[in-house]
$ cat upload_18.txt   # compact mmCIF, C-alpha atoms
# COMPACT_ATOMS: atom_id res chain seq x y z
CA MET F 249 -30.44 -43.22 33.16
CA LYS F 250 -28.48 -42.06 36.18
CA GLU F 251 -25.41 -41.58 34.00
CA LEU F 252 -27.36 -39.56 31.44
CA TRP F 253 -28.69 -37.31 34.19
CA LYS F 254 -25.12 -36.79 35.37
CA LEU F 255 -24.02 -35.99 31.81
CA TYR F 256 -26.85 -33.46 31.56
CA ARG F 257 -25.86 -31.80 34.86
CA VAL F 258 -22.18 -31.62 33.92
CA PHE F 259 -22.93 -30.03 30.54
CA PHE F 260 -25.47 -27.70 32.13
CA SER F 261 -22.75 -26.41 34.43
CA ILE F 262 -20.30 -26.12 31.52
CA GLY F 263 -22.94 -24.07 29.67
CA ILE F 264 -23.28 -21.69 32.62
CA CYS F 265 -19.52 -21.27 32.95
CA THR F 266 -18.78 -20.77 29.24
CA PHE F 267 -18.26 -17.10 28.38
CA GLY F 268 -17.70 -16.52 24.69
CA GLY F 269 -18.23 -19.73 22.77
CA GLY F 270 -16.57 -22.91 21.64
CA TYR F 271 -13.03 -21.67 22.20
CA ALA F 272 -13.75 -20.22 25.63
CA MET F 273 -15.27 -23.58 26.55
CA LEU F 274 -11.99 -25.42 25.92
CA SER F 275 -10.35 -24.81 29.31
CA LEU F 276 -13.53 -25.99 31.04
CA LEU F 277 -13.59 -29.16 28.96
CA GLN F 278 -9.96 -29.89 29.83
CA ARG F 279 -10.67 -29.38 33.50
CA VAL F 280 -14.04 -31.11 33.82
CA ILE F 281 -14.26 -33.68 31.00
CA VAL F 282 -10.60 -34.72 30.71
CA GLU F 283 -9.17 -34.31 34.21
CA GLN F 284 -12.21 -34.76 36.47
CA TYR F 285 -14.48 -37.29 34.73
CA HIS F 286 -12.12 -38.86 32.12
CA TRP F 287 -14.91 -38.89 29.53
CA ALA F 288 -12.40 -37.98 26.80
CA SER F 289 -8.64 -37.58 26.46
CA GLU F 290 -6.79 -34.40 25.56
CA GLU F 291 -6.06 -35.94 22.13
CA GLU F 292 -9.73 -36.68 21.55
CA LEU F 293 -10.64 -33.09 22.44
CA MET F 294 -8.26 -31.92 19.70
CA ASP F 295 -9.83 -34.33 17.22
CA TYR F 296 -13.29 -33.05 18.13
CA TYR F 297 -12.22 -29.44 17.67
CA ALA F 298 -10.53 -30.18 14.35
CA ILE F 299 -13.74 -31.76 13.05
CA GLY F 300 -16.12 -29.43 14.91
CA GLN F 301 -14.53 -26.39 13.29
CA CYS F 302 -15.10 -27.57 9.76
CA THR F 303 -18.44 -29.37 9.96
CA PRO F 304 -21.76 -27.51 9.92
CA GLY F 305 -23.00 -26.17 13.21
CA ILE F 306 -21.38 -24.03 15.86
CA ILE F 307 -18.27 -25.44 17.53
CA ALA F 308 -19.58 -25.54 21.09
CA LEU F 309 -22.55 -27.70 20.06
CA ASN F 310 -20.46 -29.99 17.86
CA THR F 311 -17.96 -30.61 20.65
CA SER F 312 -20.71 -31.29 23.22
CA THR F 313 -22.33 -33.77 20.85
CA PHE F 314 -19.00 -35.56 20.29
CA ILE F 315 -18.24 -35.96 23.99
CA GLY F 316 -21.78 -37.09 24.77
CA TYR F 317 -21.66 -39.63 21.94
CA LYS F 318 -18.36 -41.04 23.12
CA TYR F 319 -19.73 -41.47 26.65
CA LYS F 320 -23.22 -42.85 25.91
CA LYS F 321 -23.80 -43.09 22.12
CA LEU F 322 -26.86 -41.31 20.65
CA PRO F 323 -28.69 -40.74 23.97
CA GLY F 324 -25.46 -39.26 25.33
CA ALA F 325 -25.01 -37.00 22.31
CA ILE F 326 -28.53 -35.60 22.71
CA THR F 327 -28.26 -35.28 26.49
CA ALA F 328 -24.92 -33.45 26.48
CA THR F 329 -26.07 -31.00 23.81
CA LEU F 330 -29.39 -30.31 25.58
CA GLY F 331 -27.50 -29.85 28.84
CA PHE F 332 -25.20 -27.31 27.24
CA LEU F 333 -27.99 -25.24 25.73
CA SER F 334 -30.44 -25.33 28.64
CA PRO F 335 -28.80 -22.53 30.67
CA SER F 336 -28.67 -20.34 27.54
CA ILE F 337 -32.41 -20.70 27.07
CA LEU F 338 -33.15 -19.89 30.74
CA ILE F 339 -30.80 -16.91 30.96
CA ILE F 340 -31.64 -15.35 27.61
CA VAL F 341 -35.39 -15.71 28.09
CA LEU F 342 -35.13 -14.00 31.49
CA ILE F 343 -33.09 -11.17 30.03
CA ALA F 344 -35.25 -10.76 26.93
CA ALA F 345 -38.40 -10.69 29.07
CA PHE F 346 -37.30 -8.48 31.95
CA MET F 347 -34.05 -6.64 31.21
CA THR F 348 -33.91 -5.43 27.62
CA ASN F 349 -31.35 -2.80 28.69
CA TYR F 350 -29.08 -5.53 30.12
CA ALA F 351 -26.24 -5.09 27.61
CA SER F 352 -25.97 -1.36 28.30
CA LEU F 353 -25.81 -1.63 32.10
CA PRO F 354 -22.45 -0.27 33.34
CA VAL F 355 -22.14 -3.15 35.82
CA VAL F 356 -22.39 -5.69 32.99
CA ASN F 357 -19.96 -3.81 30.79
CA HIS F 358 -17.28 -3.48 33.46
CA ALA F 359 -17.58 -7.11 34.53
CA PHE F 360 -17.39 -8.33 30.94
CA ALA F 361 -14.39 -6.13 30.14
CA GLY F 362 -12.62 -8.15 32.84
CA ILE F 363 -14.09 -11.48 31.72
CA ARG F 364 -13.05 -11.02 28.08
CA ILE F 365 -9.46 -10.51 29.18
CA CYS F 366 -9.63 -13.59 31.37
CA VAL F 367 -11.01 -15.64 28.47
CA CYS F 368 -7.93 -14.73 26.40
CA ALA F 369 -5.63 -15.94 29.17
CA LEU F 370 -7.69 -19.13 29.61
CA ILE F 371 -7.55 -19.94 25.89
CA LEU F 372 -3.79 -19.39 25.83
CA ASP F 373 -3.38 -21.67 28.85
CA ALA F 374 -5.56 -24.31 27.15
CA VAL F 375 -3.61 -24.03 23.88
CA LEU F 376 -0.31 -24.57 25.73
CA LYS F 377 -1.72 -27.77 27.27
CA LEU F 378 -2.88 -28.98 23.85
CA GLY F 379 0.45 -28.05 22.26
CA LYS F 380 2.33 -30.25 24.69
CA LYS F 381 0.33 -33.25 23.44
CA SER F 382 0.04 -32.35 19.76
CA ILE F 383 3.37 -30.75 18.83
CA VAL F 384 5.64 -33.75 19.24
CA ASP F 385 7.99 -33.86 16.26
CA LYS F 386 9.43 -31.69 13.46
CA SER F 387 6.50 -32.28 11.11
CA SER F 388 3.96 -31.27 13.73
CA VAL F 389 5.89 -28.07 14.53
CA ILE F 390 5.74 -27.13 10.86
CA ILE F 391 2.05 -28.00 10.51
CA PHE F 392 1.26 -25.95 13.62
CA LEU F 393 3.20 -22.87 12.46
CA VAL F 394 1.81 -22.97 8.92
CA VAL F 395 -1.78 -23.30 10.15
CA VAL F 396 -1.43 -20.46 12.69
CA GLY F 397 0.09 -18.20 10.04
CA LEU F 398 -2.48 -18.97 7.36
CA ALA F 399 -5.46 -18.87 9.72
CA ALA F 400 -4.43 -15.61 11.37
CA PHE F 401 -3.21 -13.62 8.38
CA THR F 402 -5.10 -14.90 5.32
CA ASN F 403 -8.73 -15.59 4.47
CA ILE F 404 -8.19 -19.25 3.58
CA SER F 405 -11.13 -21.16 4.99
CA THR F 406 -10.79 -23.39 8.03
CA ILE F 407 -12.23 -26.28 6.04
CA LEU F 408 -9.40 -26.09 3.49
CA LEU F 409 -6.77 -25.87 6.23
CA VAL F 410 -8.14 -28.94 8.01
CA ILE F 411 -8.32 -30.94 4.76
CA ALA F 412 -4.78 -29.91 3.80
CA ALA F 413 -3.45 -30.86 7.24
CA GLY F 414 -5.19 -34.24 6.96
CA ILE F 415 -3.61 -34.91 3.56
CA ALA F 416 -0.22 -33.82 4.93
CA GLY F 417 -0.68 -36.28 7.80
CA TYR F 418 -1.49 -39.11 5.40
CA LEU F 419 1.62 -38.35 3.32
CA ILE F 420 4.04 -37.71 6.19
CA TYR F 421 2.98 -40.30 8.74
CA TYR F 422 1.53 -43.04 6.51
CA VAL F 423 3.13 -42.98 3.06
CA MET F 424 6.62 -41.78 4.09
CA GLY F 425 6.41 -43.36 7.55
CA SER F 426 5.71 -46.85 6.19
CA LYS F 427 8.49 -46.57 3.61
CA ARG F 428 11.00 -45.88 6.36
CA ALA F 429 9.82 -48.83 8.44
CA MET T 264 -47.33 -22.09 12.05
CA ILE T 265 -44.79 -19.42 12.85
CA LEU T 266 -43.06 -21.96 15.11
CA LEU T 267 -42.61 -24.34 12.17
CA ARG T 268 -41.18 -21.54 10.07
CA LEU T 269 -38.88 -20.57 12.95
CA MET T 270 -37.65 -24.13 13.26
CA TYR T 271 -37.07 -24.37 9.53
CA GLU T 272 -35.05 -21.13 9.49
CA PHE T 273 -32.89 -22.13 12.44
CA CYS T 274 -32.38 -25.66 11.22
CA LYS T 275 -31.04 -24.08 8.04
CA THR T 276 -28.76 -21.83 10.07
CA GLY T 277 -27.46 -24.78 12.08
CA LEU T 278 -26.81 -26.65 8.88
CA PHE T 279 -25.00 -23.93 6.95
CA ALA T 280 -23.23 -21.86 9.60
CA VAL T 281 -19.76 -23.34 9.93
CA GLY T 282 -17.47 -22.31 12.78
CA GLY T 283 -18.02 -20.04 15.74
CA GLY T 284 -21.23 -18.40 16.87
CA LEU T 285 -20.72 -15.22 14.85
CA ALA T 286 -20.96 -17.37 11.72
CA THR T 287 -24.71 -17.33 12.41
CA LEU T 288 -24.90 -13.53 12.00
CA PRO T 289 -25.32 -13.35 8.21
CA PHE T 290 -28.20 -15.83 8.51
CA LEU T 291 -29.90 -13.63 11.08
CA TYR T 292 -29.64 -10.54 8.85
CA GLU T 293 -31.15 -12.52 5.99
CA MET T 294 -33.91 -13.79 8.26
CA ALA T 295 -34.70 -10.25 9.45
CA GLU T 296 -35.00 -9.04 5.89
CA LYS T 297 -37.07 -11.95 4.64
CA THR T 298 -39.51 -12.41 7.51
CA GLY T 299 -39.65 -9.01 9.22
CA TRP T 300 -39.71 -10.79 12.60
CA PHE T 301 -37.12 -8.42 13.98
CA THR T 302 -35.07 -5.40 12.86
CA ASN T 303 -31.36 -4.87 12.27
CA GLN T 304 -31.34 -2.81 15.47
CA ASP T 305 -32.65 -5.89 17.31
CA ILE T 306 -29.72 -7.85 15.90
CA LEU T 307 -27.17 -5.37 17.24
CA ASN T 308 -28.84 -5.53 20.64
CA LEU T 309 -28.93 -9.31 20.66
CA VAL T 310 -25.25 -9.57 19.70
CA ALA T 311 -24.41 -7.31 22.64
CA ILE T 312 -26.55 -9.42 25.00
CA SER T 313 -25.21 -12.73 23.66
CA GLU T 314 -21.65 -11.57 24.19
CA SER T 315 -22.37 -10.53 27.78
CA THR T 316 -24.09 -13.68 29.00
CA PRO T 317 -22.86 -17.20 29.66
CA GLY T 318 -23.30 -19.77 26.90
CA ALA T 319 -22.19 -19.90 23.28
CA ILE T 320 -22.98 -16.77 21.27
CA GLY T 321 -24.75 -18.61 18.44
CA ILE T 322 -27.08 -20.40 20.86
CA ASN T 323 -27.84 -17.23 22.79
CA MET T 324 -28.70 -15.36 19.61
CA SER T 325 -31.06 -18.12 18.48
CA THR T 326 -32.84 -18.18 21.82
CA TYR T 327 -33.22 -14.40 21.75
CA VAL T 328 -34.60 -14.30 18.22
CA GLY T 329 -36.95 -17.17 19.02
CA PHE T 330 -38.22 -15.32 22.07
CA LEU T 331 -38.71 -12.04 20.16
CA THR T 332 -40.70 -13.92 17.53
CA SER T 333 -43.01 -16.06 19.63
CA GLY T 334 -42.16 -16.04 23.30
CA ILE T 335 -40.89 -19.00 25.30
CA PRO T 336 -42.07 -21.69 22.82
CA GLY T 337 -40.21 -19.76 20.13
CA ALA T 338 -37.03 -19.59 22.22
CA ILE T 339 -37.08 -23.34 22.80
CA CYS T 340 -37.96 -24.26 19.19
CA ALA T 341 -35.31 -21.97 17.66
CA THR T 342 -32.55 -23.25 19.91
CA LEU T 343 -33.40 -26.93 19.46
CA ALA T 344 -33.66 -26.45 15.70
CA LEU T 345 -30.20 -24.85 15.66
CA ALA T 346 -28.74 -27.85 17.51
CA PHE T 347 -30.52 -30.53 15.46
CA PRO T 348 -28.18 -30.59 12.41
CA SER T 349 -25.12 -30.59 14.71
CA ILE T 350 -26.35 -33.65 16.53
CA VAL T 351 -27.18 -35.57 13.33
CA ILE T 352 -23.94 -34.71 11.53
CA ILE T 353 -21.60 -35.20 14.48
CA VAL T 354 -23.19 -38.52 15.44
CA LEU T 355 -22.66 -39.74 11.87
CA VAL T 356 -19.05 -38.54 11.88
CA ALA T 357 -18.43 -40.11 15.30
CA LYS T 358 -19.85 -43.43 14.05
CA CYS T 359 -17.46 -43.33 11.07
CA MET T 360 -14.54 -42.54 13.35
CA GLU T 361 -15.42 -45.55 15.53
CA GLN T 362 -15.48 -47.78 12.47
CA PHE T 363 -12.01 -46.73 11.33
CA LYS T 364 -10.52 -46.35 14.79
CA ASN T 365 -7.80 -48.91 14.16
CA SER T 366 -6.88 -47.85 10.65
CA PRO T 367 -3.25 -46.66 10.40
CA ILE T 368 -4.29 -44.16 7.72
CA VAL T 369 -6.83 -42.52 10.03
CA ALA T 370 -4.25 -42.49 12.82
CA ALA T 371 -1.77 -40.74 10.50
CA VAL T 372 -4.36 -38.17 9.44
CA PHE T 373 -5.30 -37.36 13.04
CA LYS T 374 -1.67 -37.10 14.08
CA ALA T 375 -1.44 -34.12 11.71
CA LEU T 376 -4.90 -32.77 12.50
CA ARG T 377 -3.99 -32.29 16.17
CA PRO T 378 -1.25 -29.68 15.69
CA ALA T 379 -3.47 -28.08 13.02
CA SER T 380 -6.38 -27.97 15.46
CA THR T 381 -4.16 -26.41 18.12
CA GLY T 382 -3.04 -23.80 15.58
CA LEU T 383 -6.62 -22.98 14.55
CA ILE T 384 -7.64 -22.43 18.17
CA LEU T 385 -4.64 -20.15 18.76
CA ALA T 386 -5.40 -18.15 15.60
CA ALA T 387 -9.05 -17.76 16.60
CA SER T 388 -8.04 -16.51 20.01
CA LEU T 389 -5.90 -13.80 18.40
CA SER T 390 -9.00 -12.02 17.14
CA VAL T 391 -10.52 -12.15 20.64
CA ALA T 392 -7.25 -10.80 22.03
CA GLN T 393 -7.23 -7.96 19.52
CA LEU T 394 -10.60 -6.78 20.85
CA ALA T 395 -9.51 -7.06 24.47
CA PHE T 396 -6.06 -5.48 24.24
CA PHE T 397 -6.46 -2.75 21.62
CA LYS T 398 -9.05 -0.04 21.73
CA GLY T 399 -10.49 1.75 18.75
CA GLU T 400 -9.05 2.06 15.29
CA TRP T 401 -5.35 2.16 14.67
CA SER T 402 -3.64 3.34 11.54
CA GLY T 403 -1.02 0.63 11.13
CA PHE T 404 2.40 -0.06 12.50
CA SER T 405 4.00 2.81 10.54
CA GLN T 406 2.98 5.33 13.16
CA ILE T 407 4.43 3.89 16.32
CA GLY T 408 2.96 6.67 18.47
CA SER T 409 -0.63 6.09 17.40
CA PHE T 410 -0.13 2.34 17.63
CA LEU T 411 1.10 2.55 21.22
CA ALA T 412 -1.81 4.81 22.13
CA THR T 413 -4.31 2.12 21.19
CA ILE T 414 -2.79 -0.45 23.53
CA ASN T 415 -5.01 -1.14 26.52
CA LEU T 416 -2.25 -1.41 29.12
CA PRO T 417 -4.39 -2.32 32.18
CA ALA T 418 -5.92 -5.16 30.13
CA ILE T 419 -2.50 -6.54 29.28
CA VAL T 420 -1.32 -6.32 32.89
CA LEU T 421 -4.46 -8.15 34.06
CA ALA T 422 -4.05 -10.83 31.39
CA VAL T 423 -0.41 -11.47 32.28
CA ALA T 424 -1.23 -11.64 36.00
CA LEU T 425 -4.16 -14.03 35.42
CA PHE T 426 -2.05 -16.18 33.14
CA ALA T 427 0.74 -16.42 35.73
CA PHE T 428 -1.83 -17.49 38.36
CA MET T 429 -3.25 -20.13 36.00
CA ARG T 430 0.17 -21.69 35.45
CA LYS T 431 0.94 -21.68 39.18
CA PHE T 432 -2.40 -22.57 40.80
CA LYS T 433 -4.57 -25.04 38.96
CA MET T 434 -7.92 -23.59 39.98
CA HIS T 435 -11.23 -24.18 38.18
CA PRO T 436 -11.51 -21.81 35.19
CA ILE T 437 -14.68 -20.22 36.62
CA ALA T 438 -12.62 -19.02 39.61
CA TYR T 439 -10.45 -16.90 37.30
CA ILE T 440 -13.52 -15.64 35.45
CA GLY T 441 -15.01 -14.54 38.78
CA ILE T 442 -11.79 -12.79 39.81
CA ALA T 443 -11.54 -11.03 36.43
CA ALA T 444 -15.18 -9.89 36.61
CA ALA T 445 -14.59 -8.50 40.11
CA ILE T 446 -11.46 -6.67 38.98
CA GLY T 447 -13.34 -5.27 35.98
CA LEU T 448 -16.05 -3.95 38.31
CA ILE T 449 -13.70 -2.52 40.95
CA PHE T 450 -11.43 -0.74 38.48
CA GLN T 451 -14.29 0.23 36.13
CA MET T 452 -12.52 -1.32 33.14
$ encode --input "upload_18.txt" --output "structure tokens"
Amino acid sequence: MKELWKLYRVFFSIGICTFGGGYAMLSLLQRVIVEQYHWASEEELMDYYAIGQCTPGIIALNTSTFIGYKYKKLPGAITATLGFLSPSILIIVLIAAFMTNYASLPVVNHAFAGIRICVCALILDAVLKLGKKSIVDKSSVIIFLVVVGLAAFTNISTILLVIAAGIAGYLIYYVMGSKRA
Amino acid sequence: MILLRLMYEFCKTGLFAVGGGLATLPFLYEMAEKTGWFTNQDILNLVAISESTPGAIGINMSTYVGFLTSGIPGAICATLALAFPSIVIIVLVAKCMEQFKNSPIVAAVFKALRPASTGLILAASLSVAQLAFFKGEWSGFSQIGSFLATINLPAIVLAVALFAFMRKFKMHPIAYIGIAAAIGLIFQM
């Protein structure tokens, strides 16, 4: 029970500090979940994102559920997800009830112009950390470059890209890998 | 009764919206048209609010719509309904992954999924960067002059400076967010 309460508090604070969405949340997860609490490894985060991006539901929720499940099974999954969405409910209800002009306040706009820029830098920093762990041989360099190119410049769906990468992994690392051995 | 309907609509959104929070937008437009709970103008306003508050955009939009429709109970029901399919599906997937944890095939698949996942995150961040570093419409690379004019130079300088700090000092991400918000306020970005 004590551990679930801690999980709730940690995800509550991640929810407050996330500006943007699932991708903006990544640097926080690396810092808090991987480095501080060791509830998941950097590799597991990547697995969660790969699956979270192509299963139903928004990425931030999917990732929270994954981490919670890994830590404390079903109760953990529910607790982490509730923790992550609690601050949203509080903040949005307050704004919707009392400050309907919130989004047009100059103070908010100026602050968020700065925050959006920071989020870009944070994501890039997070991607570099992931890259160090995921891009480890020639095949992975090629997979990385092909996916970036196709995802950024074509309309091929994320689901197809993830499935294709999975098949490539099976062929490269299992079928060809076991032949060599 | 309206709460049940609200939960049904958001459960559906949680089940069929794949990807980031903005993937929920088409569902909201459809909901507005079908139910008349809120207008398209409300949607524009709620996107603006969701993007300028902490929390994931999709969750914030659901809470806002829920609140517009039936107050605090609505906000809570809509948000929980949005999360429900995620929890069910991800728990099932996680259970499967546990089962096949030691399979060499699964290990091979994930070895390739990791660089792919990294690539997808980078590609997604490019569209965020485009919004932050370029202002307004631009008419393609052919006209270098008009292209250069759309570059938001102060934004790029701030990003490079923040990035350099991140690599050098390993502070908590929220520290950089706070600094960036302060700079945005001081320089009226």
$ residues_around --input "upload_18.txt" --residues "Leu252 of chain F" --least-positions-apart "2" --cutoff "9 Å" --atoms "all atoms listed in the file" --output "PyMOL selection string"
chain F and resi 249-250+254-257+320+323-324+327-328
$ closest_residue --input "upload_18.txt" --among "F:Ala272, F:Leu408, F:Ile315, F:Ile363" --to "chain T" --atoms "only C-alpha atoms"
F:Ile363
$ residues_around --input "upload_18.txt" --residues "Leu285 of chain T" --least-positions-apart "2" --cutoff "10 Å" --atoms "all atoms listed in the file" --output "VMD selection string"
(chain F and resid 269 306) or (chain T and resid 280 to 283 287 to 290 310 319 to 321 324)
$ atom_distance --input "upload_18.txt" --atom1 "atom CA of Ala357 of chain T" --atom2 "atom CA of Ile411 of chain F"
17.2 Å
$ atom_distance --input "upload_18.txt" --atom1 "atom CA of Tyr271 of chain T" --atom2 "atom CA of Cys340 of chain T"
9.7 Å
$ closest_atom_pairs --input "upload_18.txt" --of "chain T" --to "chain F" --cutoff "6 Å" --atoms "only C-alpha atoms" --output "JSON lines"
{"residue": "T:Gly277", "atom": "CA", "partner": "F:Gly305", "partner_atom": "CA", "distance": 4.8}
{"residue": "T:Leu278", "atom": "CA", "partner": "F:Pro304", "partner_atom": "CA", "distance": 5.2}
{"residue": "T:Phe279", "atom": "CA", "partner": "F:Pro304", "partner_atom": "CA", "distance": 5.7}
{"residue": "T:Ala280", "atom": "CA", "partner": "F:Gly305", "partner_atom": "CA", "distance": 5.6}
{"residue": "T:Val281", "atom": "CA", "partner": "F:Pro304", "partner_atom": "CA", "distance": 4.6}
{"residue": "T:Gly282", "atom": "CA", "partner": "F:Gln301", "partner_atom": "CA", "distance": 5.1}
{"residue": "T:Gly283", "atom": "CA", "partner": "F:Ile306", "partner_atom": "CA", "distance": 5.2}
{"residue": "T:Gly284", "atom": "CA", "partner": "F:Ile306", "partner_atom": "CA", "distance": 5.7}
{"residue": "T:Ala311", "atom": "CA", "partner": "F:Ala351", "partner_atom": "CA", "distance": 5.7}
{"residue": "T:Ile312", "atom": "CA", "partner": "F:Ala351", "partner_atom": "CA", "distance": 5.1}
{"residue": "T:Pro317", "atom": "CA", "partner": "F:Phe267", "partner_atom": "CA", "distance": 4.8}
{"residue": "T:Gly318", "atom": "CA", "partner": "F:Gly263", "partner_atom": "CA", "distance": 5.1}
{"residue": "T:Ala319", "atom": "CA", "partner": "F:Gly269", "partner_atom": "CA", "distance": 4.0}
{"residue": "T:Ile320", "atom": "CA", "partner": "F:Gly269", "partner_atom": "CA", "distance": 5.8}
{"residue": "T:Asn323", "atom": "CA", "partner": "F:Ser336", "partner_atom": "CA", "distance": 5.7}
{"residue": "T:Thr326", "atom": "CA", "partner": "F:Ile337", "partner_atom": "CA", "distance": 5.8}
{"residue": "T:Ser349", "atom": "CA", "partner": "F:Gly305", "partner_atom": "CA", "distance": 5.1}
{"residue": "T:Ile350", "atom": "CA", "partner": "F:Thr313", "partner_atom": "CA", "distance": 5.9}
{"residue": "T:Ala371", "atom": "CA", "partner": "F:Tyr421", "partner_atom": "CA", "distance": 5.1}
{"residue": "T:Val372", "atom": "CA", "partner": "F:Gly417", "partner_atom": "CA", "distance": 4.5}
{"residue": "T:Ala375", "atom": "CA", "partner": "F:Gly417", "partner_atom": "CA", "distance": 4.5}
{"residue": "T:Leu376", "atom": "CA", "partner": "F:Gly414", "partner_atom": "CA", "distance": 5.7}
{"residue": "T:Arg377", "atom": "CA", "partner": "F:Ser382", "partner_atom": "CA", "distance": 5.4}
{"residue": "T:Pro378", "atom": "CA", "partner": "F:Phe392", "partner_atom": "CA", "distance": 4.9}
{"residue": "T:Ala379", "atom": "CA", "partner": "F:Phe392", "partner_atom": "CA", "distance": 5.2}
{"residue": "T:Ser380", "atom": "CA", "partner": "F:Ala298", "partner_atom": "CA", "distance": 4.8}
{"residue": "T:Gly382", "atom": "CA", "partner": "F:Val396", "partner_atom": "CA", "distance": 4.7}
{"residue": "T:Ala386", "atom": "CA", "partner": "F:Ala400", "partner_atom": "CA", "distance": 5.0}
{"residue": "T:Ala392", "atom": "CA", "partner": "F:Cys368", "partner_atom": "CA", "distance": 5.9}
{"residue": "T:Ala395", "atom": "CA", "partner": "F:Ile365", "partner_atom": "CA", "distance": 5.8}
{"residue": "T:Ala422", "atom": "CA", "partner": "F:Ala369", "partner_atom": "CA", "distance": 5.8}
{"residue": "T:Phe426", "atom": "CA", "partner": "F:Ala369", "partner_atom": "CA", "distance": 5.4}
{"residue": "T:Ile440", "atom": "CA", "partner": "F:Ile363", "partner_atom": "CA", "distance": 5.6}
{"residue": "T:Ala443", "atom": "CA", "partner": "F:Gly362", "partner_atom": "CA", "distance": 4.7}
{"residue": "T:Ala444", "atom": "CA", "partner": "F:Ala359", "partner_atom": "CA", "distance": 4.2}
{"residue": "T:Gly447", "atom": "CA", "partner": "F:Gly362", "partner_atom": "CA", "distance": 4.3}
{"residue": "T:Leu448", "atom": "CA", "partner": "F:His358", "partner_atom": "CA", "distance": 5.0}
{"residue": "T:Gln451", "atom": "CA", "partner": "F:His358", "partner_atom": "CA", "distance": 5.5}
{"residue": "T:Met452", "atom": "CA", "partner": "F:His358", "partner_atom": "CA", "distance": 5.2}
$ atom_distance --input "upload_18.txt" --atom1 "atom CA of Cys359 of chain T" --atom2 "atom CA of Phe373 of chain T"
13.7 Å
$ closest_residue --input "upload_18.txt" --among "T:Ala344, T:Val354, T:Ala418, T:Met294" --to "Phe450 of chain T" --atoms "all atoms listed in the file"
T:Ala418
$ axis_aligned_box --input "upload_18.txt" --around "segment 292-311 of chain T" --padding-each-side "6 Å" --output "AutoDock Vina command-line options"
--center_x -32.1 --center_y -8.3 --center_z 13.6 --size_x 27.3 --size_y 23.0 --size_z 30.0
$ residues_near_point --input "upload_18.txt" --point "(-30.4, -6.7, 15.8)" --cutoff "10 Å" --atoms "all atoms listed in the file" --output "list in words"
Leu288, Leu291, Tyr292, Ala295, Phe301, Thr302, Asn303, Gln304, Asp305, Ile306, Leu307, Asn308, Leu309, Val310, Ala311, Met324 and Val328 of chain T
$ write_last_selection --input "upload_18.txt" --atoms "C-alpha atoms" --output "tab-separated table (two decimals), in the coordinates of the input"
chain	number	residue	atom	x	y	z
T	288	LEU	CA	-24.90	-13.53	12.00
T	291	LEU	CA	-29.90	-13.63	11.08
T	292	TYR	CA	-29.64	-10.54	8.85
T	295	ALA	CA	-34.70	-10.25	9.45
T	301	PHE	CA	-37.12	-8.42	13.98
T	302	THR	CA	-35.07	-5.40	12.86
T	303	ASN	CA	-31.36	-4.87	12.27
T	304	GLN	CA	-31.34	-2.81	15.47
T	305	ASP	CA	-32.65	-5.89	17.31
T	306	ILE	CA	-29.72	-7.85	15.90
T	307	LEU	CA	-27.17	-5.37	17.24
T	308	ASN	CA	-28.84	-5.53	20.64
T	309	LEU	CA	-28.93	-9.31	20.66
T	310	VAL	CA	-25.25	-9.57	19.70
T	311	ALA	CA	-24.41	-7.31	22.64
T	324	MET	CA	-28.70	-15.36	19.61
T	328	VAL	CA	-34.60	-14.30	18.22
